[in-house]
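Undergrad: Take this structure first; my questions come after.
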Amino acid sequence: MTSARLNKVIGALDAGQHVFATFSAADPSSAVELATTDYDAVVFEMEHKPWDINALRDSFQYLLNRRQIFEADSPAPAVTPLVRIPANGAERAQWHAKQALDLGAFGIVWPHVCTVEEARNAVAACRYPRLPDAPRHEPPGLRGDGPHAATRYWGIPNTEYYARADVWPLDPDGEILVGLMIEDQLGIENLPDILDRVPGIGLVLIGEGDMSQELGVPRQYEHPRVLECKRRILDVCTARGVAVGHPHVTAANVERVLDDGYRFLMSAPVRTYPGLAKGRELTRHGMTGREIRSNE
């Protein structure tokens, strides 16, 4: 590749590094706050939030920071935008992926993928069609042609976008990440076949919330049955060189998450209000600023 990576997530995973990401609603004010954080990526959450394509478009734009672009000498946002679409894998949802990619998304996260056929559809929906004798034809692309907003967002001409808008690692120079969520026993059972038979899957994200529901231990993420399922996913993916994502990383579990082998770490973006916290603490004790200073 002659040009620098635009997709920060792929750049890190390709180099064997860790990626730090978070979920966010498609909301411009949240995008502004995230733009200058140390996150590598944000997954705009539209599975359990409304599919608001206008809010998503605006969030992409507010994620751009002109100073960062100037200093990095790259048109791409410092925090790479990915989108979790609303439909489950079995629902195909090719149009959701198409609309998000056409706005400039650098990747799609597909919920509830359980079978080889669903995984093939996920990859195919993120690729443009090509003739059967073209290199890397499988899975054959299904994405419709309408890249103008995406090329503007990526900051490159159409011809370059077409060359780079393929899925990684199927195309080593591709800039689009396909992430599958494995959330149930059927998905776990089929995961070896999915990864062996469907090229172009760059990330597997564990859906431990729905997984724990199916196991009868809702949101008990440390329950032995949940941990066993997560370990099975990690082992299958690690053996095939596919990065695995953990959706609930905290200061309390991050060391174990890293030791377990996760490479895509998602933590909740926590807002803090130090002035408010300090003020509340002091007023609870009935102290004035003068009394505080005199005690120091």
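So you can find residues: chains in the structure tokens are A, B, ... in the order shown, residues in each start at 1, and ligands are numbered from 1 in order.
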Please list as a list in words every residue within 6 Å of segment 81-86 of chain A, counting only C-alpha atoms and excluding residues in the same chain fewer than 5 positions away.

TA: Ala41, Val42, Val43, Phe44, Glu45, Met46, Glu47, Ala105, Phe106, Gly107, Ile108 and Val109 of chain A

Undergrad: Write the residues of the preceding selection, restricted to all heavy atoms, as a PDB file, in the first residue's frame.

TA:
```pdb
ATOM      1  N   ALA A  41     -11.267   3.793  18.436  1.00  0.00           N
ATOM      2  CA  ALA A  41     -12.481   3.629  17.645  1.00  0.00           C
ATOM      3  C   ALA A  41     -13.712   3.864  18.500  1.00  0.00           C
ATOM      4  O   ALA A  41     -13.688   3.707  19.729  1.00  0.00           O
ATOM      5  CB  ALA A  41     -12.538   2.227  17.036  1.00  0.00           C
ATOM      6  N   VAL A  42     -14.794   4.214  17.824  1.00  0.00           N
ATOM      7  CA  VAL A  42     -16.109   4.254  18.449  1.00  0.00           C
ATOM      8  C   VAL A  42     -17.044   3.410  17.598  1.00  0.00           C
ATOM      9  O   VAL A  42     -17.031   3.502  16.366  1.00  0.00           O
ATOM     10  CB  VAL A  42     -16.638   5.699  18.589  1.00  0.00           C
ATOM     11  CG1 VAL A  42     -16.620   6.444  17.257  1.00  0.00           C
ATOM     12  CG2 VAL A  42     -18.059   5.700  19.162  1.00  0.00           C
ATOM     13  N   VAL A  43     -17.820   2.559  18.259  1.00  0.00           N
ATOM     14  CA  VAL A  43     -18.853   1.782  17.578  1.00  0.00           C
ATOM     15  C   VAL A  43     -20.172   2.499  17.834  1.00  0.00           C
ATOM     16  O   VAL A  43     -20.684   2.480  18.967  1.00  0.00           O
ATOM     17  CB  VAL A  43     -18.907   0.332  18.093  1.00  0.00           C
ATOM     18  CG1 VAL A  43     -20.023  -0.435  17.380  1.00  0.00           C
ATOM     19  CG2 VAL A  43     -17.566  -0.358  17.884  1.00  0.00           C
ATOM     20  N   PHE A  44     -20.685   3.147  16.809  1.00  0.00           N
ATOM     21  CA  PHE A  44     -21.970   3.820  16.974  1.00  0.00           C
ATOM     22  C   PHE A  44     -23.051   2.751  17.093  1.00  0.00           C
ATOM     23  O   PHE A  44     -23.236   1.928  16.194  1.00  0.00           O
ATOM     24  CB  PHE A  44     -22.233   4.786  15.825  1.00  0.00           C
ATOM     25  CG  PHE A  44     -21.417   6.041  15.925  1.00  0.00           C
ATOM     26  CD1 PHE A  44     -20.380   6.295  15.046  1.00  0.00           C
ATOM     27  CD2 PHE A  44     -21.668   6.966  16.929  1.00  0.00           C
ATOM     28  CE1 PHE A  44     -19.614   7.447  15.150  1.00  0.00           C
ATOM     29  CE2 PHE A  44     -20.912   8.131  17.049  1.00  0.00           C
ATOM     30  CZ  PHE A  44     -19.880   8.369  16.152  1.00  0.00           C
ATOM     31  N   GLU A  45     -23.743   2.778  18.214  1.00  0.00           N
ATOM     32  CA  GLU A  45     -24.661   1.722  18.611  1.00  0.00           C
ATOM     33  C   GLU A  45     -26.049   1.992  18.035  1.00  0.00           C
ATOM     34  O   GLU A  45     -26.742   2.924  18.462  1.00  0.00           O
ATOM     35  CB  GLU A  45     -24.702   1.645  20.132  1.00  0.00           C
ATOM     36  CG  GLU A  45     -25.873   0.946  20.751  1.00  0.00           C
ATOM     37  CD  GLU A  45     -26.110  -0.450  20.199  1.00  0.00           C
ATOM     38  OE1 GLU A  45     -25.208  -1.053  19.575  1.00  0.00           O
ATOM     39  OE2 GLU A  45     -27.214  -0.939  20.378  1.00  0.00           O
ATOM     40  N   MET A  46     -26.434   1.168  17.050  1.00  0.00           N
ATOM     41  CA  MET A  46     -27.738   1.341  16.425  1.00  0.00           C
ATOM     42  C   MET A  46     -28.535   0.035  16.428  1.00  0.00           C
ATOM     43  O   MET A  46     -29.549  -0.077  15.737  1.00  0.00           O
ATOM     44  CB  MET A  46     -27.567   1.894  15.011  1.00  0.00           C
ATOM     45  CG  MET A  46     -26.732   3.170  14.995  1.00  0.00           C
ATOM     46  SD  MET A  46     -26.670   4.013  13.408  1.00  0.00           S
ATOM     47  CE  MET A  46     -28.201   4.950  13.463  1.00  0.00           C
ATOM     48  N   GLU A  47     -28.056  -0.935  17.211  1.00  0.00           N
ATOM     49  CA  GLU A  47     -28.852  -2.147  17.405  1.00  0.00           C
ATOM     50  C   GLU A  47     -29.937  -1.898  18.441  1.00  0.00           C
ATOM     51  O   GLU A  47     -31.115  -2.205  18.206  1.00  0.00           O
ATOM     52  CB  GLU A  47     -27.980  -3.316  17.849  1.00  0.00           C
ATOM     53  CG  GLU A  47     -28.797  -4.598  18.035  1.00  0.00           C
ATOM     54  CD  GLU A  47     -28.032  -5.737  18.690  1.00  0.00           C
ATOM     55  OE1 GLU A  47     -26.903  -5.517  19.169  1.00  0.00           O
ATOM     56  OE2 GLU A  47     -28.588  -6.838  18.745  1.00  0.00           O
ATOM     57  N   ALA A 105     -18.544   5.019   7.020  1.00  0.00           N
ATOM     58  CA  ALA A 105     -18.159   4.090   8.089  1.00  0.00           C
ATOM     59  C   ALA A 105     -16.962   3.256   7.649  1.00  0.00           C
ATOM     60  O   ALA A 105     -16.856   2.860   6.482  1.00  0.00           O
ATOM     61  CB  ALA A 105     -19.325   3.187   8.451  1.00  0.00           C
ATOM     62  N   PHE A 106     -16.088   2.965   8.591  1.00  0.00           N
ATOM     63  CA  PHE A 106     -14.902   2.149   8.322  1.00  0.00           C
ATOM     64  C   PHE A 106     -15.118   0.686   8.706  1.00  0.00           C
ATOM     65  O   PHE A 106     -14.183  -0.103   8.621  1.00  0.00           O
ATOM     66  CB  PHE A 106     -13.700   2.709   9.064  1.00  0.00           C
ATOM     67  CG  PHE A 106     -13.112   3.930   8.412  1.00  0.00           C
ATOM     68  CD1 PHE A 106     -13.513   5.197   8.795  1.00  0.00           C
ATOM     69  CD2 PHE A 106     -12.160   3.812   7.417  1.00  0.00           C
ATOM     70  CE1 PHE A 106     -12.976   6.331   8.194  1.00  0.00           C
ATOM     71  CE2 PHE A 106     -11.613   4.932   6.808  1.00  0.00           C
ATOM     72  CZ  PHE A 106     -12.018   6.198   7.195  1.00  0.00           C
ATOM     73  N   GLY A 107     -16.321   0.351   9.114  1.00  0.00           N
ATOM     74  CA  GLY A 107     -16.583  -1.039   9.444  1.00  0.00           C
ATOM     75  C   GLY A 107     -17.991  -1.222   9.963  1.00  0.00           C
ATOM     76  O   GLY A 107     -18.642  -0.266  10.409  1.00  0.00           O
ATOM     77  N   ILE A 108     -18.444  -2.465   9.873  1.00  0.00           N
ATOM     78  CA  ILE A 108     -19.788  -2.826  10.314  1.00  0.00           C
ATOM     79  C   ILE A 108     -19.678  -3.973  11.315  1.00  0.00           C
ATOM     80  O   ILE A 108     -18.968  -4.957  11.086  1.00  0.00           O
ATOM     81  CB  ILE A 108     -20.667  -3.277   9.128  1.00  0.00           C
ATOM     82  CG1 ILE A 108     -20.735  -2.191   8.045  1.00  0.00           C
ATOM     83  CG2 ILE A 108     -22.059  -3.655   9.611  1.00  0.00           C
ATOM     84  CD1 ILE A 108     -21.406  -0.905   8.475  1.00  0.00           C
ATOM     85  N   VAL A 109     -20.388  -3.826  12.428  1.00  0.00           N
ATOM     86  CA  VAL A 109     -20.505  -4.889  13.416  1.00  0.00           C
ATOM     87  C   VAL A 109     -21.890  -5.508  13.263  1.00  0.00           C
ATOM     88  O   VAL A 109     -22.908  -4.803  13.357  1.00  0.00           O
ATOM     89  CB  VAL A 109     -20.302  -4.356  14.847  1.00  0.00           C
ATOM     90  CG1 VAL A 109     -20.539  -5.464  15.869  1.00  0.00           C
ATOM     91  CG2 VAL A 109     -18.899  -3.779  14.999  1.00  0.00           C
TER      92      VAL A 109
END
```

Undergrad: So that I can check the surroundings of segment 160-168 of chain A, please list as a ChimeraX atom specification every protein, DNA and RNA residue that reaches within 10 Å of it, counting only C-alpha atoms and ignoring chain neighbours fewer than 3 positions away.

TA: /A:1,3,5-6,10,14,101,104,106-107,123-124,126-128,141,145,147-148,150-152,154-157,171-178,199-203

Undergrad: Nearest to Val204 of chain A among A:Val254, A:Glu118, A:Pro111, A:Pro28, with distances taken over only C-alpha atoms: which residue is it?

TA: A:Pro111

Undergrad: Glu91 of chain A: which residues within 12 Å, counting only C-alpha atoms, same-chain residues fewer than 6 positions away excluded, as a PDB file with N, CA and C atoms, in the first residue's frame?

TA:
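That gives us around_23.pdb:
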```
ATOM      1  N   ILE A  85     -25.106  -2.366  13.370  1.00  0.00           N
ATOM      2  CA  ILE A  85     -26.403  -2.221  12.727  1.00  0.00           C
ATOM      3  C   ILE A  85     -27.485  -2.929  13.537  1.00  0.00           C
ATOM      4  N   TRP A 110     -21.910  -6.825  13.008  1.00  0.00           N
ATOM      5  CA  TRP A 110     -23.146  -7.562  12.732  1.00  0.00           C
ATOM      6  C   TRP A 110     -23.567  -8.337  13.974  1.00  0.00           C
ATOM      7  N   PRO A 111     -24.724  -8.029  14.575  1.00  0.00           N
ATOM      8  CA  PRO A 111     -25.176  -8.766  15.763  1.00  0.00           C
ATOM      9  C   PRO A 111     -25.687 -10.162  15.405  1.00  0.00           C
ATOM     10  N   HIS A 112     -25.605 -11.058  16.381  1.00  0.00           N
ATOM     11  CA  HIS A 112     -26.252 -12.367  16.319  1.00  0.00           C
ATOM     12  C   HIS A 112     -25.975 -13.110  15.021  1.00  0.00           C
ATOM     13  N   VAL A 113     -24.712 -13.305  14.710  1.00  0.00           N
ATOM     14  CA  VAL A 113     -24.348 -14.139  13.566  1.00  0.00           C
ATOM     15  C   VAL A 113     -24.145 -15.561  14.080  1.00  0.00           C
ATOM     16  N   CYS A 114     -24.842 -16.508  13.443  1.00  0.00           N
ATOM     17  CA  CYS A 114     -24.858 -17.880  13.969  1.00  0.00           C
ATOM     18  C   CYS A 114     -24.397 -18.926  12.965  1.00  0.00           C
ATOM     19  N   GLU A 117     -23.672 -19.126   6.439  1.00  0.00           N
ATOM     20  CA  GLU A 117     -24.415 -18.333   5.454  1.00  0.00           C
ATOM     21  C   GLU A 117     -24.587 -16.893   5.924  1.00  0.00           C
ATOM     22  N   GLU A 118     -24.880 -16.702   7.200  1.00  0.00           N
ATOM     23  CA  GLU A 118     -25.026 -15.353   7.733  1.00  0.00           C
ATOM     24  C   GLU A 118     -23.700 -14.606   7.701  1.00  0.00           C
ATOM     25  N   ALA A 119     -22.618 -15.296   8.001  1.00  0.00           N
ATOM     26  CA  ALA A 119     -21.297 -14.672   7.962  1.00  0.00           C
ATOM     27  C   ALA A 119     -20.916 -14.292   6.536  1.00  0.00           C
ATOM     28  N   ASN A 121     -22.937 -13.502   4.148  1.00  0.00           N
ATOM     29  CA  ASN A 121     -23.728 -12.330   3.805  1.00  0.00           C
ATOM     30  C   ASN A 121     -23.128 -11.066   4.414  1.00  0.00           C
ATOM     31  N   ALA A 122     -22.644 -11.158   5.661  1.00  0.00           N
ATOM     32  CA  ALA A 122     -22.065  -9.994   6.329  1.00  0.00           C
ATOM     33  C   ALA A 122     -20.869  -9.459   5.556  1.00  0.00           C
TER      34      ALA A 122
END
```

Undergrad: Might you pull out every residue within 8 Å of segment 183-190 of chain A, with only C-alpha atoms counted and same-chain residues fewer than 3 positions away left off, and present them as a ChimeraX atom specification?

TA: /A:111-116,193-194,206-211,214,229,232-233

Undergrad: Restrict the selected residues to N, CA, C and O atoms and save them as a PDB file, in the first residue's frame.

TA:
```
ATOM      1  N   PRO A 111     -24.724  -8.029  14.575  1.00  0.00           N
ATOM      2  CA  PRO A 111     -25.176  -8.766  15.763  1.00  0.00           C
ATOM      3  C   PRO A 111     -25.687 -10.162  15.405  1.00  0.00           C
ATOM      4  O   PRO A 111     -26.154 -10.420  14.298  1.00  0.00           O
ATOM      5  N   HIS A 112     -25.605 -11.058  16.381  1.00  0.00           N
ATOM      6  CA  HIS A 112     -26.252 -12.367  16.319  1.00  0.00           C
ATOM      7  C   HIS A 112     -25.975 -13.110  15.021  1.00  0.00           C
ATOM      8  O   HIS A 112     -26.891 -13.505  14.302  1.00  0.00           O
ATOM      9  N   VAL A 113     -24.712 -13.305  14.710  1.00  0.00           N
ATOM     10  CA  VAL A 113     -24.348 -14.139  13.566  1.00  0.00           C
ATOM     11  C   VAL A 113     -24.145 -15.561  14.080  1.00  0.00           C
ATOM     12  O   VAL A 113     -23.371 -15.795  15.017  1.00  0.00           O
ATOM     13  N   CYS A 114     -24.842 -16.508  13.443  1.00  0.00           N
ATOM     14  CA  CYS A 114     -24.858 -17.880  13.969  1.00  0.00           C
ATOM     15  C   CYS A 114     -24.397 -18.926  12.965  1.00  0.00           C
ATOM     16  O   CYS A 114     -24.070 -20.041  13.381  1.00  0.00           O
ATOM     17  N   THR A 115     -24.411 -18.611  11.663  1.00  0.00           N
ATOM     18  CA  THR A 115     -24.150 -19.636  10.658  1.00  0.00           C
ATOM     19  C   THR A 115     -23.153 -19.143   9.620  1.00  0.00           C
ATOM     20  O   THR A 115     -22.895 -17.925   9.494  1.00  0.00           O
ATOM     21  N   VAL A 116     -22.632 -20.082   8.847  1.00  0.00           N
ATOM     22  CA  VAL A 116     -21.728 -19.741   7.747  1.00  0.00           C
ATOM     23  C   VAL A 116     -22.437 -18.835   6.739  1.00  0.00           C
ATOM     24  O   VAL A 116     -21.852 -17.854   6.254  1.00  0.00           O
ATOM     25  N   ASP A 193     -16.291 -23.354  11.561  1.00  0.00           N
ATOM     26  CA  ASP A 193     -16.648 -23.380  10.140  1.00  0.00           C
ATOM     27  C   ASP A 193     -16.765 -21.975   9.570  1.00  0.00           C
ATOM     28  O   ASP A 193     -16.360 -21.713   8.436  1.00  0.00           O
ATOM     29  N   ILE A 194     -17.314 -21.064  10.358  1.00  0.00           N
ATOM     30  CA  ILE A 194     -17.448 -19.676   9.888  1.00  0.00           C
ATOM     31  C   ILE A 194     -16.084 -19.100   9.537  1.00  0.00           C
ATOM     32  O   ILE A 194     -15.885 -18.535   8.449  1.00  0.00           O
ATOM     33  N   ILE A 206     -17.567 -10.751  21.330  1.00  0.00           N
ATOM     34  CA  ILE A 206     -18.391 -11.629  22.167  1.00  0.00           C
ATOM     35  C   ILE A 206     -19.592 -10.854  22.704  1.00  0.00           C
ATOM     36  O   ILE A 206     -19.439  -9.805  23.327  1.00  0.00           O
ATOM     37  N   GLY A 207     -20.791 -11.396  22.444  1.00  0.00           N
ATOM     38  CA  GLY A 207     -22.016 -10.797  22.982  1.00  0.00           C
ATOM     39  C   GLY A 207     -22.404 -11.483  24.274  1.00  0.00           C
ATOM     40  O   GLY A 207     -23.324 -12.318  24.305  1.00  0.00           O
ATOM     41  N   GLU A 208     -21.719 -11.138  25.353  1.00  0.00           N
ATOM     42  CA  GLU A 208     -21.908 -11.882  26.599  1.00  0.00           C
ATOM     43  C   GLU A 208     -23.237 -11.576  27.283  1.00  0.00           C
ATOM     44  O   GLU A 208     -23.712 -12.371  28.106  1.00  0.00           O
ATOM     45  N   GLY A 209     -23.863 -10.457  26.930  1.00  0.00           N
ATOM     46  CA  GLY A 209     -25.181 -10.164  27.488  1.00  0.00           C
ATOM     47  C   GLY A 209     -26.217 -11.166  27.020  1.00  0.00           C
ATOM     48  O   GLY A 209     -26.881 -11.840  27.816  1.00  0.00           O
ATOM     49  N   ASP A 210     -26.375 -11.299  25.705  1.00  0.00           N
ATOM     50  CA  ASP A 210     -27.338 -12.251  25.162  1.00  0.00           C
ATOM     51  C   ASP A 210     -26.917 -13.688  25.444  1.00  0.00           C
ATOM     52  O   ASP A 210     -27.767 -14.560  25.656  1.00  0.00           O
ATOM     53  N   MET A 211     -25.616 -13.925  25.442  1.00  0.00           N
ATOM     54  CA  MET A 211     -25.124 -15.272  25.745  1.00  0.00           C
ATOM     55  C   MET A 211     -25.540 -15.686  27.162  1.00  0.00           C
ATOM     56  O   MET A 211     -26.001 -16.803  27.400  1.00  0.00           O
ATOM     57  N   GLU A 214     -29.251 -16.606  27.323  1.00  0.00           N
ATOM     58  CA  GLU A 214     -29.545 -17.947  26.831  1.00  0.00           C
ATOM     59  C   GLU A 214     -29.153 -19.012  27.856  1.00  0.00           C
ATOM     60  O   GLU A 214     -29.832 -20.034  27.998  1.00  0.00           O
ATOM     61  N   CYS A 229     -17.930 -20.394  27.742  1.00  0.00           N
ATOM     62  CA  CYS A 229     -18.290 -20.043  26.359  1.00  0.00           C
ATOM     63  C   CYS A 229     -17.317 -19.018  25.779  1.00  0.00           C
ATOM     64  O   CYS A 229     -16.887 -19.135  24.625  1.00  0.00           O
ATOM     65  N   ARG A 232     -14.094 -20.714  24.841  1.00  0.00           N
ATOM     66  CA  ARG A 232     -14.200 -21.468  23.589  1.00  0.00           C
ATOM     67  C   ARG A 232     -14.047 -20.540  22.388  1.00  0.00           C
ATOM     68  O   ARG A 232     -13.350 -20.867  21.416  1.00  0.00           O
ATOM     69  N   ILE A 233     -14.678 -19.368  22.443  1.00  0.00           N
ATOM     70  CA  ILE A 233     -14.571 -18.408  21.340  1.00  0.00           C
ATOM     71  C   ILE A 233     -13.132 -17.922  21.201  1.00  0.00           C
ATOM     72  O   ILE A 233     -12.580 -17.849  20.088  1.00  0.00           O
TER      73      ILE A 233
END
```

Undergrad: Using DSSP on the backbone coordinates, identify all residues within segment 31-65 of chain A classified as strand (DSSP E); present the result as number ranges by chain.

TA: A: 41-45

Undergrad: To one decimal place, how far is atom CA of His246 of chain A from atom CA of Glu138 of chain A in Å?

TA: 28.5 Å

Undergrad: Can you tell me, as a PyMOL selection string, which residues in segment 57-236 of chain A count as alpha helix (DSSP H) by DSSP?

TA: chain A and resi 57-63+66-72+94-103+116-125+148-154+158-164+185-197+208-214+224-236

Undergrad: Here is a test: counting only C-alpha atoms, which residue of A:Gly89, A:Pro192, A:Pro269, A:Pro140 is nearest to His248 of chain A?

TA: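 Closest to His248 of chain A of all the choices is A:Pro269.
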
Undergrad: Between A:Arg219, A:Arg143, A:Arg197, A:Arg67, which residue has the minimum interatomic distance to Trp95 of chain A, considering only C-alpha atoms?

TA: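 Checking each candidate against Trp95 of chain A, we get A:Arg143 as the closest.
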
Undergrad: Which distance in Å separates atom CA of Leu282 of chain A and atom CA of Ala251 of chain A, to one decimal?

TA: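 That distance, rounded to one decimal, is 26.7 Å.
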
Undergrad: For Val249 of chain A, which of A:Thr22, A:Asn7, A:Asn54, A:Thr272 is the closest residue, counting only C-alpha atoms?

TA: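 Smallest distance to Val249 of chain A is found for A:Thr22.
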
Undergrad: So that I can check the surroundings of Val257 of chain A, please list as a ChimeraX atom specification every protein, DNA and RNA residue that reaches within 12 Å of it, counting only C-alpha atoms and ignoring chain neighbours fewer than 3 positions away.

TA: /A:18,227,230-231,234,244-254,260-267

Undergrad: What does the file look like for those residues with C-alpha atoms, as a compact mmCIF listing (two decimals), in the first residue's frame?

TA:
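Done, and the output landed in again-v4.txt:
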```txt
# COMPACT_ATOMS: atom_id res chain seq x y z
CA HIS A 18 -4.49 -3.83 20.89
CA LEU A 227 -16.64 -17.87 31.08
CA LYS A 230 -16.02 -17.02 26.11
CA ARG A 231 -12.97 -19.27 26.43
CA LEU A 234 -11.13 -17.14 22.29
CA VAL A 244 -11.55 -11.10 19.67
CA GLY A 245 -13.36 -8.19 21.30
CA HIS A 246 -14.49 -7.86 24.92
CA PRO A 247 -17.49 -5.50 25.32
CA HIS A 248 -17.30 -4.76 29.05
CA VAL A 249 -13.76 -3.74 29.99
CA THR A 250 -13.32 -1.96 33.32
CA ALA A 251 -10.41 -0.94 35.51
CA ALA A 252 -11.20 -3.97 37.66
CA ASN A 253 -10.98 -6.59 34.89
CA VAL A 254 -8.69 -5.10 32.25
CA ASP A 260 -7.01 -13.88 28.34
CA GLY A 261 -5.96 -12.69 24.89
CA TYR A 262 -8.58 -10.11 23.90
CA ARG A 263 -7.28 -7.52 21.45
CA PHE A 264 -10.33 -5.28 20.92
CA LEU A 265 -11.18 -3.77 24.29
CA MET A 266 -14.40 -1.82 24.77
CA SER A 267 -14.94 0.33 27.83
```

Undergrad: Just to confirm, what's the straight-line distance from atom CA of Val242 of chain A to atom CA of Ala21 of chain A in Å (one decimal)?

TA: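 Going from atom CA of Val242 of chain A over to atom CA of Ala21 of chain A, I get 17.1 Å.
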
Undergrad: Excluding Ala26 of chain A and residues on its chain fewer than 5 positions from it, collect all residues at most 9 Å away from it, counting only C-alpha atoms, and give them as a ChimeraX atom specification.

TA: /A:31,44-46,49-60

Undergrad: Let's have the selection written as a PDB file, in the first residue's frame, with N, CA, C and O atoms.

TA:
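Full text of out05.pdb as output:
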```pdb
ATOM      1  N   ALA A  31     -20.054  12.597  19.862  1.00  0.00           N
ATOM      2  CA  ALA A  31     -18.967  12.499  18.896  1.00  0.00           C
ATOM      3  C   ALA A  31     -17.921  13.576  19.141  1.00  0.00           C
ATOM      4  O   ALA A  31     -16.717  13.323  19.040  1.00  0.00           O
ATOM      5  N   PHE A  44     -20.685   3.147  16.809  1.00  0.00           N
ATOM      6  CA  PHE A  44     -21.970   3.820  16.974  1.00  0.00           C
ATOM      7  C   PHE A  44     -23.051   2.751  17.093  1.00  0.00           C
ATOM      8  O   PHE A  44     -23.236   1.928  16.194  1.00  0.00           O
ATOM      9  N   GLU A  45     -23.743   2.778  18.214  1.00  0.00           N
ATOM     10  CA  GLU A  45     -24.661   1.722  18.611  1.00  0.00           C
ATOM     11  C   GLU A  45     -26.049   1.992  18.035  1.00  0.00           C
ATOM     12  O   GLU A  45     -26.742   2.924  18.462  1.00  0.00           O
ATOM     13  N   MET A  46     -26.434   1.168  17.050  1.00  0.00           N
ATOM     14  CA  MET A  46     -27.738   1.341  16.425  1.00  0.00           C
ATOM     15  C   MET A  46     -28.535   0.035  16.428  1.00  0.00           C
ATOM     16  O   MET A  46     -29.549  -0.077  15.737  1.00  0.00           O
ATOM     17  N   LYS A  49     -30.339   1.198  19.837  1.00  0.00           N
ATOM     18  CA  LYS A  49     -30.712   2.603  19.703  1.00  0.00           C
ATOM     19  C   LYS A  49     -31.390   2.776  18.337  1.00  0.00           C
ATOM     20  O   LYS A  49     -31.284   1.917  17.468  1.00  0.00           O
ATOM     21  N   PRO A  50     -32.077   3.897  18.102  1.00  0.00           N
ATOM     22  CA  PRO A  50     -32.790   4.059  16.834  1.00  0.00           C
ATOM     23  C   PRO A  50     -31.847   4.060  15.629  1.00  0.00           C
ATOM     24  O   PRO A  50     -30.712   4.536  15.719  1.00  0.00           O
ATOM     25  N   TRP A  51     -32.340   3.540  14.508  1.00  0.00           N
ATOM     26  CA  TRP A  51     -31.609   3.657  13.246  1.00  0.00           C
ATOM     27  C   TRP A  51     -31.922   5.041  12.689  1.00  0.00           C
ATOM     28  O   TRP A  51     -32.867   5.250  11.943  1.00  0.00           O
ATOM     29  N   ASP A  52     -31.106   6.016  13.073  1.00  0.00           N
ATOM     30  CA  ASP A  52     -31.280   7.409  12.664  1.00  0.00           C
ATOM     31  C   ASP A  52     -30.111   7.769  11.762  1.00  0.00           C
ATOM     32  O   ASP A  52     -29.037   8.155  12.235  1.00  0.00           O
ATOM     33  N   ILE A  53     -30.310   7.638  10.458  1.00  0.00           N
ATOM     34  CA  ILE A  53     -29.205   7.799   9.522  1.00  0.00           C
ATOM     35  C   ILE A  53     -28.715   9.235   9.479  1.00  0.00           C
ATOM     36  O   ILE A  53     -27.519   9.488   9.258  1.00  0.00           O
ATOM     37  N   ASN A  54     -29.581  10.194   9.730  1.00  0.00           N
ATOM     38  CA  ASN A  54     -29.146  11.592   9.749  1.00  0.00           C
ATOM     39  C   ASN A  54     -28.282  11.880  10.978  1.00  0.00           C
ATOM     40  O   ASN A  54     -27.279  12.598  10.888  1.00  0.00           O
ATOM     41  N   ALA A  55     -28.673  11.324  12.117  1.00  0.00           N
ATOM     42  CA  ALA A  55     -27.839  11.486  13.318  1.00  0.00           C
ATOM     43  C   ALA A  55     -26.492  10.807  13.131  1.00  0.00           C
ATOM     44  O   ALA A  55     -25.461  11.308  13.592  1.00  0.00           O
ATOM     45  N   LEU A  56     -26.473   9.665  12.442  1.00  0.00           N
ATOM     46  CA  LEU A  56     -25.208   8.978  12.180  1.00  0.00           C
ATOM     47  C   LEU A  56     -24.315   9.824  11.281  1.00  0.00           C
ATOM     48  O   LEU A  56     -23.115   9.966  11.547  1.00  0.00           O
ATOM     49  N   ARG A  57     -24.889  10.383  10.241  1.00  0.00           N
ATOM     50  CA  ARG A  57     -24.113  11.256   9.341  1.00  0.00           C
ATOM     51  C   ARG A  57     -23.517  12.425  10.114  1.00  0.00           C
ATOM     52  O   ARG A  57     -22.324  12.735   9.974  1.00  0.00           O
ATOM     53  N   ASP A  58     -24.331  13.071  10.944  1.00  0.00           N
ATOM     54  CA  ASP A  58     -23.830  14.214  11.708  1.00  0.00           C
ATOM     55  C   ASP A  58     -22.754  13.785  12.711  1.00  0.00           C
ATOM     56  O   ASP A  58     -21.769  14.501  12.925  1.00  0.00           O
ATOM     57  N   SER A  59     -22.923  12.616  13.309  1.00  0.00           N
ATOM     58  CA  SER A  59     -21.932  12.127  14.271  1.00  0.00           C
ATOM     59  C   SER A  59     -20.592  11.893  13.591  1.00  0.00           C
ATOM     60  O   SER A  59     -19.535  12.202  14.153  1.00  0.00           O
ATOM     61  N   PHE A  60     -20.612  11.342  12.382  1.00  0.00           N
ATOM     62  CA  PHE A  60     -19.369  11.159  11.629  1.00  0.00           C
ATOM     63  C   PHE A  60     -18.666  12.494  11.445  1.00  0.00           C
ATOM     64  O   PHE A  60     -17.449  12.612  11.653  1.00  0.00           O
TER      65      PHE A  60
END
```

Undergrad: Please determine, counting only C-alpha atoms, which residue among A:Leu205, A:Ala90, A:Val32, A:Ala4 has the shortest atom-to-atom distance to Ala72 of chain A.

TA: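 Of all the options, A:Ala4 lies closest to Ala72 of chain A.
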
Undergrad: Nearest to Val79 of chain A: which of A:Ala93, A:Ala100, A:Leu34, A:Ala25 is it, counting only C-alpha atoms?

TA: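 Going through A:Ala93, A:Ala100, A:Leu34, A:Ala25 one by one, the smallest distance to Val79 of chain A is for A:Leu34.
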